[in-house]
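Next comes coords-v2.cif, with mmCIF, C-alpha atoms.
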```cif
data_start
loop_
_atom_site.label_atom_id
_atom_site.label_comp_id
_atom_site.auth_asym_id
_atom_site.auth_seq_id
_atom_site.Cartn_x
_atom_site.Cartn_y
_atom_site.Cartn_z
CA MET P 30 35.95 -38.65 13.00
CA ILE P 31 38.08 -35.54 13.41
CA GLU P 32 37.85 -34.87 9.69
CA LEU P 33 34.04 -35.11 9.85
CA LEU P 34 33.90 -32.66 12.74
CA VAL P 35 36.10 -30.26 10.80
CA VAL P 36 33.82 -30.51 7.77
CA ILE P 37 30.73 -29.93 9.94
CA ALA P 38 32.40 -26.92 11.55
CA ILE P 39 33.29 -25.45 8.16
CA ILE P 40 29.74 -25.98 6.89
CA SER P 41 28.33 -24.31 10.00
CA ILE P 42 30.59 -21.31 9.49
CA LEU P 43 29.61 -21.04 5.82
CA VAL P 44 25.92 -21.24 6.67
CA SER P 45 26.28 -18.54 9.33
CA ILE P 46 27.98 -16.33 6.75
CA MET P 47 25.51 -17.00 3.96
CA LEU P 48 22.21 -16.77 5.86
CA PRO P 49 22.32 -12.99 6.47
CA ALA P 50 23.20 -12.44 2.81
CA LEU P 51 20.32 -14.66 1.68
CA ARG P 52 17.95 -12.91 4.07
CA SER P 53 19.07 -9.53 2.77
CA ALA P 54 18.62 -10.65 -0.83
CA LYS P 55 15.09 -11.83 -0.03
CA GLU P 56 14.23 -8.49 1.60
CA ILE P 57 15.58 -6.57 -1.39
CA ALA P 58 13.56 -8.74 -3.78
CA GLN P 59 10.39 -8.25 -1.73
CA THR P 60 10.87 -4.49 -1.64
CA THR P 61 11.40 -4.45 -5.40
CA ILE P 62 8.17 -6.40 -5.98
CA CYS P 63 6.29 -4.10 -3.61
CA LEU P 64 7.46 -0.99 -5.45
CA THR P 65 6.54 -2.58 -8.77
CA ASN P 66 3.04 -3.25 -7.42
CA LEU P 67 2.73 0.35 -6.27
CA ARG P 68 3.91 1.75 -9.61
CA GLN P 69 1.23 -0.29 -11.37
CA ILE P 70 -1.42 0.86 -8.90
CA GLY P 71 -0.29 4.44 -9.48
CA LEU P 72 -0.51 3.92 -13.24
CA ALA P 73 -4.00 2.45 -12.88
CA LYS P 74 -5.11 5.50 -10.91
CA GLN P 75 -3.62 7.75 -13.59
CA MET P 76 -5.55 5.90 -16.30
CA TYR P 77 -8.74 6.26 -14.26
CA LEU P 78 -8.01 9.97 -13.86
CA THR P 79 -7.52 10.37 -17.62
CA ASP P 80 -10.81 8.61 -18.33
CA HIS P 81 -12.69 10.77 -15.80
CA ASN P 82 -11.71 14.27 -16.91
CA GLY P 83 -8.88 14.65 -14.40
CA ALA P 84 -10.79 13.47 -11.32
CA TYR P 85 -9.10 11.00 -8.99
CA ILE P 86 -10.92 7.85 -8.06
CA PRO P 87 -13.01 8.44 -4.91
CA TRP P 88 -12.37 6.30 -1.87
CA ASN P 89 -16.11 5.51 -1.78
CA VAL P 90 -19.38 6.84 -3.16
CA GLU P 91 -22.20 8.33 -1.12
CA GLY P 92 -24.86 5.88 -0.08
CA MET P 93 -22.67 2.85 -0.74
CA HIS P 94 -21.07 0.89 2.10
CA TYR P 95 -17.36 0.36 1.56
CA SER P 96 -17.87 -3.42 1.62
CA HIS P 97 -19.95 -3.02 -1.57
CA TRP P 98 -17.79 -0.43 -3.33
CA ASN P 99 -14.22 0.79 -2.89
CA TRP P 100 -11.41 2.17 -5.00
CA ALA P 101 -9.39 -1.05 -5.11
CA TRP P 102 -12.33 -3.10 -6.34
CA THR P 103 -13.23 -0.47 -8.93
CA LEU P 104 -9.74 -0.46 -10.45
CA LYS P 105 -9.89 -4.26 -10.68
CA SER P 106 -13.47 -4.60 -11.96
CA ALA P 107 -12.96 -1.88 -14.57
CA ASP P 108 -9.76 -3.57 -15.80
CA TYR P 109 -7.41 -0.78 -14.80
CA ILE P 110 -5.33 -3.49 -13.16
CA GLY P 111 -4.98 -7.11 -14.18
CA SER P 112 -4.38 -9.43 -11.27
CA PRO P 113 -5.55 -8.56 -7.73
CA ALA P 114 -2.21 -10.00 -6.61
CA LEU P 115 -0.96 -6.43 -7.11
CA TYR P 116 -2.71 -5.56 -3.85
CA LYS P 117 -0.54 -7.99 -1.87
CA CYS P 118 2.85 -6.83 -0.61
CA PRO P 119 5.17 -9.87 -0.36
CA THR P 120 6.71 -8.62 2.87
CA SER P 121 3.28 -8.35 4.49
CA LYS P 122 2.84 -12.12 4.20
CA ASP P 123 5.27 -12.58 7.08
CA MET P 124 3.54 -9.94 9.23
CA LEU P 125 -0.18 -9.74 8.44
CA SER P 126 -1.80 -13.11 9.00
CA TYR P 127 -5.46 -12.10 8.68
CA ILE P 128 -7.00 -14.47 6.13
CA TYR P 129 -8.67 -11.59 4.27
CA THR P 130 -5.26 -9.95 3.74
CA ASN P 131 -2.95 -12.94 3.23
CA GLY P 132 -4.79 -16.23 3.22
CA VAL P 133 -7.52 -18.36 1.73
CA GLU P 134 -9.99 -15.46 1.82
CA ASP P 135 -7.79 -12.72 0.32
CA VAL P 136 -8.28 -10.91 -2.99
CA GLU P 137 -6.10 -13.33 -4.90
CA ASN P 138 -8.22 -16.28 -3.78
CA ARG P 139 -11.56 -14.41 -3.82
CA PRO P 140 -11.07 -11.92 -6.70
CA ASN P 141 -14.80 -11.37 -7.26
CA THR P 142 -15.74 -10.73 -3.63
CA ILE P 143 -15.87 -6.95 -3.23
CA SER P 144 -15.51 -6.85 0.54
CA ARG P 145 -12.10 -8.55 0.36
CA TYR P 146 -10.69 -5.42 -1.28
CA ASN P 147 -11.08 -3.60 2.04
CA TRP P 148 -8.32 -5.71 3.58
CA ILE P 149 -5.51 -5.26 1.07
CA ALA P 150 -1.92 -4.38 1.97
CA TYR P 151 -1.96 -0.87 0.46
CA GLY P 152 -3.81 2.23 1.61
CA TYR P 153 -5.08 5.24 -0.37
CA ASN P 154 -4.64 8.86 0.76
CA TYR P 155 -8.33 9.46 1.14
CA TYR P 156 -8.43 12.60 3.32
CA TYR P 157 -6.88 14.74 0.56
CA ILE P 158 -6.98 12.74 -2.70
CA GLY P 159 -9.78 10.18 -2.49
CA SER P 160 -11.98 12.85 -0.89
CA SER P 161 -11.93 16.50 0.18
CA TYR P 162 -12.62 15.69 3.82
CA ARG P 163 -9.71 17.69 5.24
CA LEU P 164 -10.74 20.72 3.18
CA LYS P 165 -14.53 20.67 3.49
CA GLY P 166 -15.31 18.29 6.33
CA SER P 167 -18.21 15.90 5.86
CA ALA P 168 -19.45 17.95 2.90
CA GLY P 169 -16.38 16.88 0.95
CA LEU P 170 -16.30 13.24 2.04
CA TYR P 171 -17.24 11.93 -1.39
CA GLU P 172 -15.56 14.61 -3.49
CA PRO P 173 -12.16 13.42 -4.77
CA ALA P 174 -9.34 15.72 -5.80
CA HIS P 175 -8.92 16.90 -9.37
CA GLU P 176 -5.56 16.66 -11.10
CA SER P 177 -5.39 20.45 -11.24
CA ASP P 178 -5.72 20.62 -7.43
CA ILE P 179 -2.35 18.93 -6.90
CA HIS P 180 0.30 21.65 -6.80
CA ASN P 181 3.32 19.46 -6.07
CA PRO P 182 2.64 15.94 -7.40
CA SER P 183 6.09 14.56 -6.60
CA GLU P 184 5.53 15.29 -2.89
CA THR P 185 1.86 14.32 -2.64
CA LEU P 186 1.37 10.76 -1.43
CA LEU P 187 -1.09 8.61 -3.33
CA VAL P 188 -0.81 5.07 -1.91
CA ALA P 189 1.46 3.42 0.66
CA ASP P 190 2.10 0.18 2.53
CA GLN P 191 -0.67 -0.08 5.11
CA TRP P 192 -1.89 -2.11 8.07
CA ASN P 193 -4.64 -1.89 10.67
CA GLY P 194 -2.31 -1.99 13.67
CA SER P 195 -3.01 -5.67 14.22
CA VAL P 196 -2.79 -8.58 11.77
CA GLY P 197 -4.60 -7.21 8.73
CA GLY P 198 -4.43 -4.62 5.99
CA GLN P 199 -6.83 -1.82 5.18
CA GLN P 200 -7.50 0.06 1.95
CA LEU P 201 -7.12 3.60 3.31
CA ILE P 202 -4.62 5.76 5.20
CA ASN P 203 -5.25 8.97 7.13
CA ASP P 204 -2.89 11.86 7.89
CA ASN P 205 -2.52 11.50 11.65
CA GLY P 206 -1.61 7.86 12.19
CA THR P 207 -4.52 7.08 14.49
CA GLY P 208 -7.05 4.27 14.48
CA ILE P 209 -6.59 1.52 11.91
CA LEU P 210 -5.56 3.53 8.83
CA LEU P 211 -1.81 3.30 9.38
CA ILE P 212 1.22 3.45 7.11
CA HIS P 213 3.30 0.32 7.70
CA ASP P 214 7.11 0.63 7.70
CA ARG P 215 7.52 -3.07 6.97
CA HIS P 216 10.58 -2.91 4.74
CA LYS P 217 13.33 -2.65 7.35
CA GLY P 218 11.90 0.57 8.75
CA ALA P 219 10.62 1.94 5.46
CA ALA P 220 7.31 1.85 3.60
CA GLY P 221 6.69 1.41 -0.08
CA THR P 222 4.99 4.50 -1.50
CA VAL P 223 3.71 5.84 -4.81
CA TRP P 224 3.14 9.55 -5.38
CA ALA P 225 0.83 11.67 -7.51
CA ASP P 226 3.47 12.11 -10.21
CA GLY P 227 3.69 8.31 -10.57
CA HIS P 228 7.08 7.70 -8.99
CA ALA P 229 7.45 4.97 -6.37
CA GLU P 230 10.01 4.95 -3.58
CA SER P 231 10.90 3.26 -0.33
CA PHE P 232 10.31 5.95 2.31
CA ALA P 233 12.16 5.54 5.62
CA ASP P 234 10.18 6.18 8.82
CA ALA P 235 7.11 6.93 6.74
CA TYR P 236 4.68 6.40 9.60
CA THR P 237 6.18 9.06 11.86
CA THR P 238 7.18 11.41 9.02
CA ILE P 239 4.12 11.30 6.79
CA GLN P 240 1.39 10.60 9.35
CA ASP P 241 2.45 13.35 11.74
CA GLY P 242 -0.88 15.18 11.50
CA THR P 243 0.43 18.11 9.46
CA GLY P 244 -0.59 16.73 6.07
CA LEU P 245 2.73 17.96 4.66
CA TYR P 246 3.18 14.92 2.41
CA MET P 247 -0.51 14.26 1.87
CA ASP P 248 -2.22 17.58 1.19
CA ARG P 249 -2.66 19.15 -2.22
CA GLU P 250 -0.23 22.03 -1.81
#
```

Now, as a test, write the supplied structure out as structure tokens.
Amino acid sequence: MIELLVVIAIISILVSIMLPALRSAKEIAQTTICLTNLRQIGLAKQMYLTDHNGAYIPWNVEGMHYSHWNWAWTLKSADYIGSPALYKCPTSKDMLSYIYTNGVEDVENRPNTISRYNWIAYGYNYYYIGSSYRLKGSAGLYEPAHESDIHNPSETLLVADQWNGSVGGQQLINDNGTGILLIHDRHKGAAGTVWADGHAESFADAYTTIQDGTGLYMDRE
């Protein structure tokens, strides 16, 4: 009996030691997958840009409701990306329970339903890249940036981990962190990001640093 208790105690100690390490390994793996997804999304946007004379993909087109057309759907339907699973961050599965983001109604399960692409886990910098809204107001809402407009690509955010402040994702991010277009620091206080030069990185405190209203990491300068 004593020997059994000793064995149980040893096993309990080993489990308590191993669990944090296993949890950390899982988090590292999820972050790696997320960054891989973002790199591929960045590459898809670059291919679109090349095919469209240097113009970035618009966040939407005039006269079309975003549930019938959006950038994420366009990249998928035009075969710039393969599987819509790229739009799902593995870490978000533990945080965003909305069925259109992670569930039976998400893009992986409903790949041909355009409206589902509004609820993905990654958001596009649409104030400065997907449109010219911050530069021209409503007149520039459907005018995306041109490659030549981006003066510092390595410091101009393209796409980042996103959420709507509740239990779902959204396909856009703004520059001031208000409303539902929010960067999501879901990787232990950091967000996965991909930039206009194509590099992807885990950016600590991205919500407060990038969405501070200045546009420092989102504008074209």

Identify which of the residues P:Pro119, P:Pro182, P:Gly218, P:Gly83 lies closest to P:Thr238, counting all atoms listed in the file when measuring atom-to-atom distances. P:Gly218

Tell me which residues the PyMOL selection byres ((chain P and resi 153) around 7) grabs here, as a list in words.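 For this structure, the PyMOL selection byres ((chain P and resi 153) around 7) resolves to Tyr151, Gly152, Asn154, Tyr155, Leu187, Val188, Ala189, Gln200, Leu201 and Ile202 of chain P.
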
Need to verify the contact set: P:Leu210, 7 Å, all atoms listed in the file, exclusion of same-chain residues closer than 3 positions in sequence. Can you return it as a compact mmCIF listing (two decimals) with C-alpha atoms, keeping the file's coordinate frame?
```txt
# COMPACT_ATOMS: atom_id res chain seq x y z
CA TRP P 192 -1.89 -2.11 8.07
CA ASN P 193 -4.64 -1.89 10.67
CA GLN P 199 -6.83 -1.82 5.18
CA LEU P 201 -7.12 3.60 3.31
CA ILE P 202 -4.62 5.76 5.20
CA ASN P 203 -5.25 8.97 7.13
CA GLY P 206 -1.61 7.86 12.19
CA THR P 207 -4.52 7.08 14.49
```

Report as a PyMOL selection string all protein, DNA and RNA residues lying within 10 Å of P:Leu245, evaluated on only C-alpha atoms, omitting residues in the same chain fewer than 4 positions from it. chain P and resi 184-186+204+238-241+249-250

Output file for the residues above (C-alpha atoms, as a CSV table (one decimal), in the frame of the given file):
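Output file again_33.csv follows:
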```
chain,number,residue,atom,x,y,z
P,184,GLU,CA,5.5,15.3,-2.9
P,185,THR,CA,1.9,14.3,-2.6
P,186,LEU,CA,1.4,10.8,-1.4
P,204,ASP,CA,-2.9,11.9,7.9
P,238,THR,CA,7.2,11.4,9.0
P,239,ILE,CA,4.1,11.3,6.8
P,240,GLN,CA,1.4,10.6,9.4
P,241,ASP,CA,2.4,13.4,11.7
P,249,ARG,CA,-2.7,19.2,-2.2
P,250,GLU,CA,-0.2,22.0,-1.8
```

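The shortest atom-to-atom distance to P:Glu230, with only C-alpha atoms taken into account, belongs to P:Thr65 out of P:Asn89, P:Thr65, P:Gln59, P:Asn82.
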
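Coordinates place atom CA of P:Arg145 at a distance of 10.9 Å from atom CA of P:Val133.
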
Residue neighbourhood P:Lys217, 12 Å, all atoms listed in the file, exclusion window fewer than 2 positions, as a list in words: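 My list of contacting residues is Arg52, Ser53, Lys55, Glu56, Ile57, Gln59, Thr60, Thr120, Ser121, His213, Asp214, Arg215, Ala219, Ala220, Gly221, Ser231, Phe232, Ala233, Asp234 and Ala235 of chain P.
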
Print the selection's residues with C-alpha atoms to a file, as a CSV table (one decimal), in the frame of the given file.
```
chain,number,residue,atom,x,y,z
P,52,ARG,CA,18.0,-12.9,4.1
P,53,SER,CA,19.1,-9.5,2.8
P,55,LYS,CA,15.1,-11.8,0.0
P,56,GLU,CA,14.2,-8.5,1.6
P,57,ILE,CA,15.6,-6.6,-1.4
P,59,GLN,CA,10.4,-8.2,-1.7
P,60,THR,CA,10.9,-4.5,-1.6
P,120,THR,CA,6.7,-8.6,2.9
P,121,SER,CA,3.3,-8.4,4.5
P,213,HIS,CA,3.3,0.3,7.7
P,214,ASP,CA,7.1,0.6,7.7
P,215,ARG,CA,7.5,-3.1,7.0
P,219,ALA,CA,10.6,1.9,5.5
P,220,ALA,CA,7.3,1.8,3.6
P,221,GLY,CA,6.7,1.4,-0.1
P,231,SER,CA,10.9,3.3,-0.3
P,232,PHE,CA,10.3,6.0,2.3
P,233,ALA,CA,12.2,5.5,5.6
P,234,ASP,CA,10.2,6.2,8.8
P,235,ALA,CA,7.1,6.9,6.7
```

Please measure the separation of atom CA of P:Gln75 and atom CA of P:Trp88, giving the value in Å to one decimal. 14.7 Å

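In this comparison, which uses only C-alpha atoms, the residue of P:Tyr127, P:Trp102, P:Tyr236, P:Tyr246 approaching P:Asp190 most closely is P:Tyr236.
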
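With all atoms listed in the file as the basis for measurement, P:Val223 is the residue among P:Ile110, P:Leu170, P:Val223, P:Met76 that approaches P:Cys63 most closely.
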